[in-house]
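What follows is a single structure, written as structure tokens, with notes after it.
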Amino acid sequence: MAYEMNFAPVLARAPLLVQGATDTIVLSAQSITLGLAIGLAAAIVRTNGPKWSSVLAGVYVEAFRNTPLLVQLFLIFFGLPYLGLRMSAEQAALFAVSINLGAYSTEIFRAGLMAIPKTQIEAGLALGMSRLQVLRHVVIVPALRIIYPALTGQLTLTLLGTSIVSAISASELTLAGARIESQTFRSLETFLVIAAIYISITFAFRLVYWLIGLRLFRRKKAPSVAQAVRPATSSEAAS
Amino acid sequence: MIQDFGWSSVQFLIMGLTWTVGLSAMTFVLGGFFGLFLAMGRALGPNWLKLVIAGYIQIVQATPLLIIVFLCFYGLSFLGLHFPPFAAAAISLAVYATAYLADIWRGCIEAIPKTQWEAADALALSRIQRLRYVILPQALRIALGPTVGFMVQIVKNTSVTALIGFVELTRAGQLLNNMTFQPFHVFLTVAAMYFALCYPLSWWSEKLKERKSGVSAH
């Protein structure tokens with residue numbers, strides 16, 4: 001137990017840490033944007049599309065939710081060139097994380113879409129609201145409020161999941177940690193610092209989600225349809 | 001030596017698969033054991049204990065599993081404790097699973113209405129009896145679906161231990177890929193094996209959740 005902590009060599013490589021943290025934030029933000037777009041599209045197709053396309057969306061969701069991100073990443077980065085689709089490590093990382101989040105968010109969005117009863121939409125139209133107003137005030141915002149905890153929980157998991165792309169040497173924080181570790185041999189200190197940075201980034205992202213939620217849902221009380229959400233979404237957020 | 005992807009490769013992957021199953025089971029048992037205590041402490045303990053457990057859960061849930069694995073594997077060996085990959089994998093996954101399971105089960109315990117506690121109290125049951133005969137059986141019913149759902153996460157997340165060289169399914173796939181140079185076949189087979197393991201669990205979890213929501217809707 002005669003080990004003395006020495007953070008100096010790790011902290012001396014601050015530029016690497018900053019670069020890694022920036023890459024992680026950028027990758028997360030990009031994959032969140034892309035993943036949510038995929039998820040929303042797939043959820044709409046799955047609930048309102050023709051039979052074949054909703055089956056296809058279902059297969060997509062189950063295939064990606066029941067295999068590890070790491071294997072998806074390997075399949076995309078090492079396997080797809082076999083089919084003639086070659087991409088850089090960073091592109092493969094963005095692709096894998098986005099498509100993975102897409103599958104999870106499909107289910108979350110679907111729960112939100114199904115939680116709004118048709119009668120609410122009819123009631124909105126009967127009150128003389130335009131279709132666009134109904135879409136915004138009756139469907140999107142209330143649905144979003146219901147799924148918001150599950151959705152932000154999933155986004156946090158996606159942020160943490162980006163650390164896995166270091167396995168194909170896509171540049172981000174964990175890879176920066178591995179580099180520093182191999183230069184300094186201060187493994188424990190390195191990964192403690194890396195962990196602290198991840199924790200800070202995660203809490204910063206959560207703060208942003210909270211602020212967005214505050215802005216989106218102000219002045220409105222939680223709707224009673226909250227019970228209509230399948231418990232699936234809340235537990236998946238926790239897991 | 002280059003070999004073709006064939007039956008012997010599949011057998012090699014199946015060997016990896018058994019380690020994935022073993023590690024998942026071990027993680028679930030360890031995580032479940034500690035998670036149960038933390039869940040009860042978090043839901044029912046004194047304030048200082050609640051705070052400590054909440055802190056633990058928050059920190060673990062804000063750290064990537066890969067970093068926890070690295071901390072156990074590289075980090076702790078410098079403290080004079082050397083872990084072989086399997087032990088490091090099991091410990092780090094247990095740390096991870098404990099935090100998530102504690103959080104899930106805390107929610108289930110807290111979901112039991114306060115009136116149930118009061119009713120049990122009125123029946124002159126002791127605190128332990130109240131937990132044992134009234135609260136936990138009901139909480140268990142709610143917890144079943146999400147717990148099985150989390151088992152899927154455990155199975156998938158054991159793949160991360162491939163990155164410290166523990167030969168489970170994903171690592172076996174990497175090794176096989178180095179031998180055969182047929183990444184598409186190898187990783188598609190690996191993915192299919194994970195799917196075969198996870199999909200029945202996901203399906204079961206959904207069924208349990210449906211049953212539960214059907215009951216609670218009266």
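We name chains A, B, ... following the order of the structure tokens; residues begin at 1 in each chain, and ligands are numbered from 1 as shown.
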**Report entry** Which of range 29-207 of chain B fall in alpha helix (DSSP H), as a ChimeraX atom specification
**Finding:** /B:29-44,47-61,65-70,76-78,85-111,114-122,127-129,136-157,169-180,183-207
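For range 53-59 of chain B, the non-local neighbours within 7 Å, defined as residues at least 4 positions apart in the same chain or in other chains and counting only C-alpha atoms, are Ile199 of chain A; Leu38, Arg42, Leu49, Thr63 and Ala99 of chain B.
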Query raised in the report: Closest to Val193 in chain A among A:Val10, A:Met5, A:Val45, A:Asp23, using only C-alpha atoms?
Result: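 Looking only at the distances to Val193 in chain A, the closest residue turns out to be A:Val10.
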Requested in this report: Please provide as a count of residues only all residues within 9 Å of Val138 in chain A, with the sequence filter that same-chain residues fewer than 5 positions apart are discarded (counting only C-alpha atoms).
Outcome: 6
Would you tabulate, counting only C-alpha atoms, all residues of chain B that have an atom at most 7 Å from an atom of chain A, showing the closest pair of atoms and their distance in Å to one decimal, sorted by chain then ascending number, as JSON lines?
```
{"residue": "B:Ile59", "atom": "CA", "partner": "A:Ile199", "partner_atom": "CA", "distance": 6.9}
{"residue": "B:Ala62", "atom": "CA", "partner": "A:Ile199", "partner_atom": "CA", "distance": 5.0}
{"residue": "B:Thr63", "atom": "CA", "partner": "A:Ile199", "partner_atom": "CA", "distance": 5.7}
{"residue": "B:Pro64", "atom": "CA", "partner": "A:Leu160", "partner_atom": "CA", "distance": 4.6}
{"residue": "B:Leu66", "atom": "CA", "partner": "A:Ser163", "partner_atom": "CA", "distance": 6.8}
{"residue": "B:Ile67", "atom": "CA", "partner": "A:Ala195", "partner_atom": "CA", "distance": 6.5}
{"residue": "B:Leu71", "atom": "CA", "partner": "A:Phe191", "partner_atom": "CA", "distance": 6.0}
{"residue": "B:Tyr74", "atom": "CA", "partner": "A:Ser187", "partner_atom": "CA", "distance": 5.8}
{"residue": "B:Gly75", "atom": "CA", "partner": "A:Leu188", "partner_atom": "CA", "distance": 3.8}
{"residue": "B:Leu76", "atom": "CA", "partner": "A:Leu188", "partner_atom": "CA", "distance": 6.9}
{"residue": "B:Phe78", "atom": "CA", "partner": "A:Tyr3", "partner_atom": "CA", "distance": 6.9}
{"residue": "B:Leu79", "atom": "CA", "partner": "A:Met1", "partner_atom": "CA", "distance": 5.4}
{"residue": "B:Gly80", "atom": "CA", "partner": "A:Met1", "partner_atom": "CA", "distance": 5.6}
{"residue": "B:Tyr100", "atom": "CA", "partner": "A:Ser239", "partner_atom": "CA", "distance": 6.2}
{"residue": "B:Ile104", "atom": "CA", "partner": "A:Ala238", "partner_atom": "CA", "distance": 6.5}
{"residue": "B:Pro146", "atom": "CA", "partner": "A:Ser235", "partner_atom": "CA", "distance": 5.4}
{"residue": "B:Phe150", "atom": "CA", "partner": "A:Ser239", "partner_atom": "CA", "distance": 5.6}
{"residue": "B:Gln153", "atom": "CA", "partner": "A:Ser239", "partner_atom": "CA", "distance": 6.9}
{"residue": "B:Lys156", "atom": "CA", "partner": "A:Pro68", "partner_atom": "CA", "distance": 4.6}
{"residue": "B:Asn157", "atom": "CA", "partner": "A:Pro68", "partner_atom": "CA", "distance": 6.6}
{"residue": "B:Ser159", "atom": "CA", "partner": "A:Pro68", "partner_atom": "CA", "distance": 6.7}
{"residue": "B:Thr170", "atom": "CA", "partner": "A:Val71", "partner_atom": "CA", "distance": 6.8}
{"residue": "B:Pro183", "atom": "CA", "partner": "A:Gly79", "partner_atom": "CA", "distance": 4.9}
{"residue": "B:Phe184", "atom": "CA", "partner": "A:Gly79", "partner_atom": "CA", "distance": 3.9}
{"residue": "B:Phe187", "atom": "CA", "partner": "A:Leu75", "partner_atom": "CA", "distance": 5.5}
{"residue": "B:Leu188", "atom": "CA", "partner": "A:Leu75", "partner_atom": "CA", "distance": 6.8}
{"residue": "B:Ala191", "atom": "CA", "partner": "A:Thr67", "partner_atom": "CA", "distance": 5.8}
{"residue": "B:Tyr194", "atom": "CA", "partner": "A:Thr67", "partner_atom": "CA", "distance": 5.5}
{"residue": "B:Phe195", "atom": "CA", "partner": "A:Asn66", "partner_atom": "CA", "distance": 5.2}
{"residue": "B:Cys198", "atom": "CA", "partner": "A:Asn66", "partner_atom": "CA", "distance": 5.3}
{"residue": "B:Tyr199", "atom": "CA", "partner": "A:Asn66", "partner_atom": "CA", "distance": 5.8}
{"residue": "B:Lys209", "atom": "CA", "partner": "A:Ala232", "partner_atom": "CA", "distance": 6.8}
```
Query raised in the report: Smallest atom-to-atom distance to Ile25 in chain A: which of A:Ile147, A:Ala204, A:Ile99, A:Leu211, using only C-alpha atoms?
Result: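 With only C-alpha atoms as the atom set, the closest residue is A:Ala204.
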Query raised in the report: Taking only C-alpha atoms into account, which of B:Ala102, B:Ala89, B:Ile14, B:Ile68 comes nearest Phe34 in chain B?
Result: B:Ala102
